[in-house]
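Student: Structure below; questions to follow.
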Amino acid sequence: MFRNQYDNDASTWSPQGRIFQVEYASEAVKQGTAVVGLKSKTHAVLVAVKRSPNELASYMKKIIRIDDHMGIAVAGLTSDARVLSNYLRTEAMRSKMVYGRPLPVGRAVNAIGDKAQTNTQEYGRRPYGVGLLVIGHDNTGPHLYEFSPSGVVSEYYGYSIGARSQSARTNLERNFGEFENLTLNQLIMQGLRALRDTMQTGKQLDNMNTSIGFVGEDTKLTIVDGEGTQAYLDMLDEGEAMDTE
């Protein structure tokens with residue numbers, strides 16, 4: 001078995017300036033099913049593909065509510081995502097109790113970035129093997145952030161993580177100039193088109209494997225699963241039919 005003397009823990013640098021444990025954690029994110037996020041000037045949207053471990057199991061949750069104004073979508077180790085989501089919920093509750101206001105989205109994401117960075121610096125810890133897309137709305141408008149296992153956080157107009165996410169990012173890069181003025185439904189349709197590009201050959205989006213979340217100035221975080229997604233999938237199919245006519 002291949003052995004690398006520089007990957008025993010996250011506090012050891014290789015001579016090339018790499019931390020292999022962080023790179024391995026990033027690979028775990030790529031093993032998760034795809035998640036797509038995008039925002040306009042009024043709303044932020046998440047769409048995700050859910051996976052079922054086997055035919056007898058239910059589909060795993062991909063979009064998690066943090067507060068009325070914020071939610072996350074996960075790709076990677078779900079157990080690590082649960083730890084981070086619980087931490088975010090605690091911080092959101094503390095903000096309401098101490099300051100009497102919702103937790104600003106940027107501050108929330110930077111908090112988990114700091115928490116993750118500590119794991120890359122202290123001996124005996126390991127990086128979180130999960131990537132997050134975080135959407136939210138605060139007094140500065142809608143936001144979309146990406147969190148990576150290295151502790152780096154970045155804000156985007158549109159982004160995708162997970163398996164075959166590069167296909168979705170190519171779609172988003174081609175169309176992101178239109179995002180700002182899209183309505184909520186149009187934003188969801190754009191996200192579903194990008195998400196569909198990540199599907200394996202022979203597989204399609206359906207109401208069992210698709211999850212949708214959105215938030216806006218006058219819209220609390222809403223998560224749509226199961227039969228509720230069928231209306232959006234029908235709109236997607238109708239739009240494609242009109243484009244081919």
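Please note that chains go A, B, ... in the order of the structure tokens, that every chain numbers its residues from 1, and that ligands are numbered from 1 in the order shown.
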Write down as a PyMOL selection string the residues of range 44-125 of chain A whose backbone DSSP state falls under helix (DSSP H, G or I).
Tutor: chain A and resi 78-99+105-119
Student: Take CA of Thr33 in chain A and CA of Gly106 in chain A and report the distance between them in Å, one decimal.
Tutor: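 Distance between the two atoms: 25.1 Å.
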Student: Which polymer residues have any atom within 9 Å of an atom of Ala48 in chain A, counting only C-alpha atoms, with same-chain residues fewer than 6 positions away left out, as JSON, numbers by chain?
Tutor: {"A": [33, 34, 35, 36, 37, 62, 63, 73, 74, 192, 195, 209, 210, 211, 212, 213]}
Student: Save out the residues we just selected, N, CA, C and O atoms, as a JSON list (two decimals), in the first residue's frame.
Tutor:
```json
[["chain", "number", "residue", "atom", "x", "y", "z"],
["A", 33, "THR", "N", -23.04, 13.96, -3.70],
["A", 33, "THR", "CA", -23.86, 14.37, -4.84],
["A", 33, "THR", "C", -23.85, 15.89, -4.96],
["A", 33, "THR", "O", -23.60, 16.61, -4.01],
["A", 34, "ALA", "N", -24.15, 16.35, -6.17],
["A", 34, "ALA", "CA", -23.96, 17.76, -6.50],
["A", 34, "ALA", "C", -24.96, 18.67, -5.81],
["A", 34, "ALA", "O", -26.12, 18.30, -5.55],
["A", 35, "VAL", "N", -24.50, 19.88, -5.53],
["A", 35, "VAL", "CA", -25.32, 20.95, -4.97],
["A", 35, "VAL", "C", -25.02, 22.20, -5.78],
["A", 35, "VAL", "O", -23.87, 22.48, -6.10],
["A", 36, "VAL", "N", -26.06, 22.95, -6.13],
["A", 36, "VAL", "CA", -25.91, 24.19, -6.89],
["A", 36, "VAL", "C", -26.55, 25.33, -6.11],
["A", 36, "VAL", "O", -27.65, 25.18, -5.57],
["A", 37, "GLY", "N", -25.86, 26.46, -6.05],
["A", 37, "GLY", "CA", -26.41, 27.65, -5.42],
["A", 37, "GLY", "C", -26.25, 28.84, -6.35],
["A", 37, "GLY", "O", -25.29, 28.93, -7.11],
["A", 62, "LYS", "N", -30.22, 16.92, 2.10],
["A", 62, "LYS", "CA", -29.12, 17.69, 1.52],
["A", 62, "LYS", "C", -29.19, 19.18, 1.89],
["A", 62, "LYS", "O", -28.17, 19.86, 1.88],
["A", 63, "ILE", "N", -30.37, 19.69, 2.17],
["A", 63, "ILE", "CA", -30.52, 21.10, 2.52],
["A", 63, "ILE", "C", -31.05, 21.18, 3.96],
["A", 63, "ILE", "O", -32.03, 20.53, 4.31],
["A", 73, "ALA", "N", -26.57, 23.76, 2.18],
["A", 73, "ALA", "CA", -26.61, 22.51, 1.43],
["A", 73, "ALA", "C", -25.25, 21.85, 1.56],
["A", 73, "ALA", "O", -24.22, 22.53, 1.59],
["A", 74, "VAL", "N", -25.23, 20.52, 1.64],
["A", 74, "VAL", "CA", -24.01, 19.81, 2.00],
["A", 74, "VAL", "C", -23.59, 18.85, 0.89],
["A", 74, "VAL", "O", -24.42, 18.31, 0.15],
["A", 192, "LEU", "N", -31.85, 24.42, -11.59],
["A", 192, "LEU", "CA", -32.18, 23.04, -11.96],
["A", 192, "LEU", "C", -31.51, 22.66, -13.28],
["A", 192, "LEU", "O", -31.08, 21.52, -13.46],
["A", 195, "LEU", "N", -28.01, 21.91, -12.37],
["A", 195, "LEU", "CA", -27.96, 20.66, -11.60],
["A", 195, "LEU", "C", -28.12, 19.45, -12.51],
["A", 195, "LEU", "O", -27.46, 18.42, -12.33],
["A", 209, "ASN", "N", -35.44, 12.58, -5.86],
["A", 209, "ASN", "CA", -34.01, 12.87, -5.67],
["A", 209, "ASN", "C", -33.65, 14.35, -5.75],
["A", 209, "ASN", "O", -32.48, 14.71, -5.72],
["A", 210, "THR", "N", -34.65, 15.21, -5.84],
["A", 210, "THR", "CA", -34.40, 16.64, -5.97],
["A", 210, "THR", "C", -34.84, 17.38, -4.71],
["A", 210, "THR", "O", -35.89, 17.09, -4.14],
["A", 211, "SER", "N", -34.01, 18.33, -4.29],
["A", 211, "SER", "CA", -34.33, 19.16, -3.13],
["A", 211, "SER", "C", -34.07, 20.62, -3.51],
["A", 211, "SER", "O", -33.08, 20.93, -4.17],
["A", 212, "ILE", "N", -34.96, 21.51, -3.09],
["A", 212, "ILE", "CA", -34.88, 22.93, -3.43],
["A", 212, "ILE", "C", -35.03, 23.76, -2.16],
["A", 212, "ILE", "O", -35.88, 23.47, -1.32],
["A", 213, "GLY", "N", -34.21, 24.78, -2.03],
["A", 213, "GLY", "CA", -34.33, 25.71, -0.92],
["A", 213, "GLY", "C", -34.15, 27.13, -1.41],
["A", 213, "GLY", "O", -33.37, 27.38, -2.33]]
```
Student: Restrict the calculation to only C-alpha atoms, then for each residue of range 126-150 of chain A with any atom at most 10 Å from an atom of range 82-104 of chain A give the closest atom pair and their distance in Å to one decimal, rows by chain and rising residue number, as a tab-separated table.
Tutor:
```
residue	atom	partner	partner_atom	distance
A:Tyr128	CA	A:Leu84	CA	8.9
A:Val130	CA	A:Leu84	CA	9.4
A:Leu132	CA	A:Leu84	CA	9.5
A:Gly136	CA	A:Pro104	CA	8.5
A:His137	CA	A:Pro104	CA	8.2
A:Asp138	CA	A:Pro104	CA	6.0
A:Asn139	CA	A:Pro104	CA	8.1
A:Thr140	CA	A:Pro104	CA	8.9
```
Student: If you keep C-alpha atoms, can you produce a file of those selected residues as an mmCIF file, in the first residue's frame?
Tutor:
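part-v7.cif, written as the output of this step:
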```
data_model
loop_
_atom_site.group_PDB
_atom_site.id
_atom_site.type_symbol
_atom_site.label_atom_id
_atom_site.label_comp_id
_atom_site.auth_asym_id
_atom_site.auth_seq_id
_atom_site.Cartn_x
_atom_site.Cartn_y
_atom_site.Cartn_z
ATOM 1 C CA TYR A 128 -14.103 18.358 8.249
ATOM 2 C CA VAL A 130 -17.716 18.229 3.997
ATOM 3 C CA LEU A 132 -21.183 23.641 2.293
ATOM 4 C CA GLY A 136 -29.122 33.695 3.519
ATOM 5 C CA HIS A 137 -30.655 37.150 3.536
ATOM 6 C CA ASP A 138 -29.747 39.967 5.928
ATOM 7 C CA ASN A 139 -29.807 43.764 5.896
ATOM 8 C CA THR A 140 -27.220 43.806 3.086
#
```
Student: Provide the CA of Ala10 in chain A to CA of Thr120 in chain A distance in Å, to one decimal place.
Tutor: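 Here the two named atoms are 5.1 Å from each other.
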Student: Fewer than 6 positions away in the same chain doesn't count, so skip those; otherwise give me all residues within 10 Å of Val45 in chain A, counting only C-alpha atoms, as a list in words.
Tutor: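 Listed by chain and then number, they are Val36, Gly37, Leu38, Lys39, Gly71, Val134, Ile135, Gly136, Pro142, His143, Leu144, Gly158, Leu184, Asn185, Leu187, Ile188, Gln190, Gly191, Ile212, Gly213, Phe214, Val215, Gly216, Leu221, Thr222 and Ile223 of chain A.
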Student: For CA of Ile161 in chain A and CA of Lys30 in chain A, determine how far apart the two atoms are, in Å to one decimal place.
Tutor: 7.1 Å
Student: Neighbours of Gln121 in chain A within 10 Å (only C-alpha atoms; same-chain residues fewer than 6 positions away dropped), as a list in words?
Tutor: Asp9, Ala10, Ser11, Thr12 and Pro127 of chain A
Student: I need the residues from that last selection saved to file as a PDB file, in the first residue's frame (with N, CA and C atoms), if you can.
Tutor:
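Result went into selection08.pdb, see below:
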```pdb
ATOM      1  N   ASP A   9      -0.957  13.554   9.663  1.00  0.00           N
ATOM      2  CA  ASP A   9      -1.838  14.472  10.381  1.00  0.00           C
ATOM      3  C   ASP A   9      -1.898  15.793   9.627  1.00  0.00           C
ATOM      4  N   ALA A  10      -2.837  16.655  10.034  1.00  0.00           N
ATOM      5  CA  ALA A  10      -3.089  17.897   9.295  1.00  0.00           C
ATOM      6  C   ALA A  10      -2.134  19.016   9.662  1.00  0.00           C
ATOM      7  N   SER A  11      -1.207  18.760  10.583  1.00  0.00           N
ATOM      8  CA  SER A  11      -0.274  19.826  10.970  1.00  0.00           C
ATOM      9  C   SER A  11       1.102  19.645  10.337  1.00  0.00           C
ATOM     10  N   THR A  12       1.227  18.691   9.412  1.00  0.00           N
ATOM     11  CA  THR A  12       2.513  18.425   8.756  1.00  0.00           C
ATOM     12  C   THR A  12       2.491  18.922   7.312  1.00  0.00           C
ATOM     13  N   PRO A 127      -9.449  17.568   9.352  1.00  0.00           N
ATOM     14  CA  PRO A 127     -10.354  18.532   8.707  1.00  0.00           C
ATOM     15  C   PRO A 127     -11.764  17.944   8.569  1.00  0.00           C
TER      16      PRO A 127
END
```
Student: With only C-alpha atoms as the atoms that count, which of A:Gly177, A:Gly131, A:Gly162, A:Gly228 lies nearest to Ser79 in chain A?
Tutor: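 Ranked by minimum distance to Ser79 in chain A, first place goes to A:Gly131.
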Student: Ranking A:Glu180, A:Asp225, A:Gly76, A:Gln16 by minimum distance to Tyr59 in chain A and counting only C-alpha atoms, which one comes first?
Tutor: A:Asp225
Student: Name the closest residue to Ala81 in chain A among the candidates A:Tyr232, A:Phe147, A:Tyr157, A:Tyr24; distances are taken between atoms, counting only C-alpha atoms.
Tutor: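 So, comparing all the options, the nearest one is A:Phe147.
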Student: Which residue out of A:Ser58, A:Ser148, A:Asn110, A:Thr183 has the minimum interatomic distance to Gly226 in chain A when only C-alpha atoms are used?
Tutor: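 Looking at the shortest contact to Gly226 in chain A, the residue is A:Ser58.
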Student: Per DSSP on the backbone, what are the strand (DSSP E) residues of range 54-155 of chain A, as a PyMOL selection string?
Tutor: chain A and resi 63-67+70-76+130-138+141-147+153-155
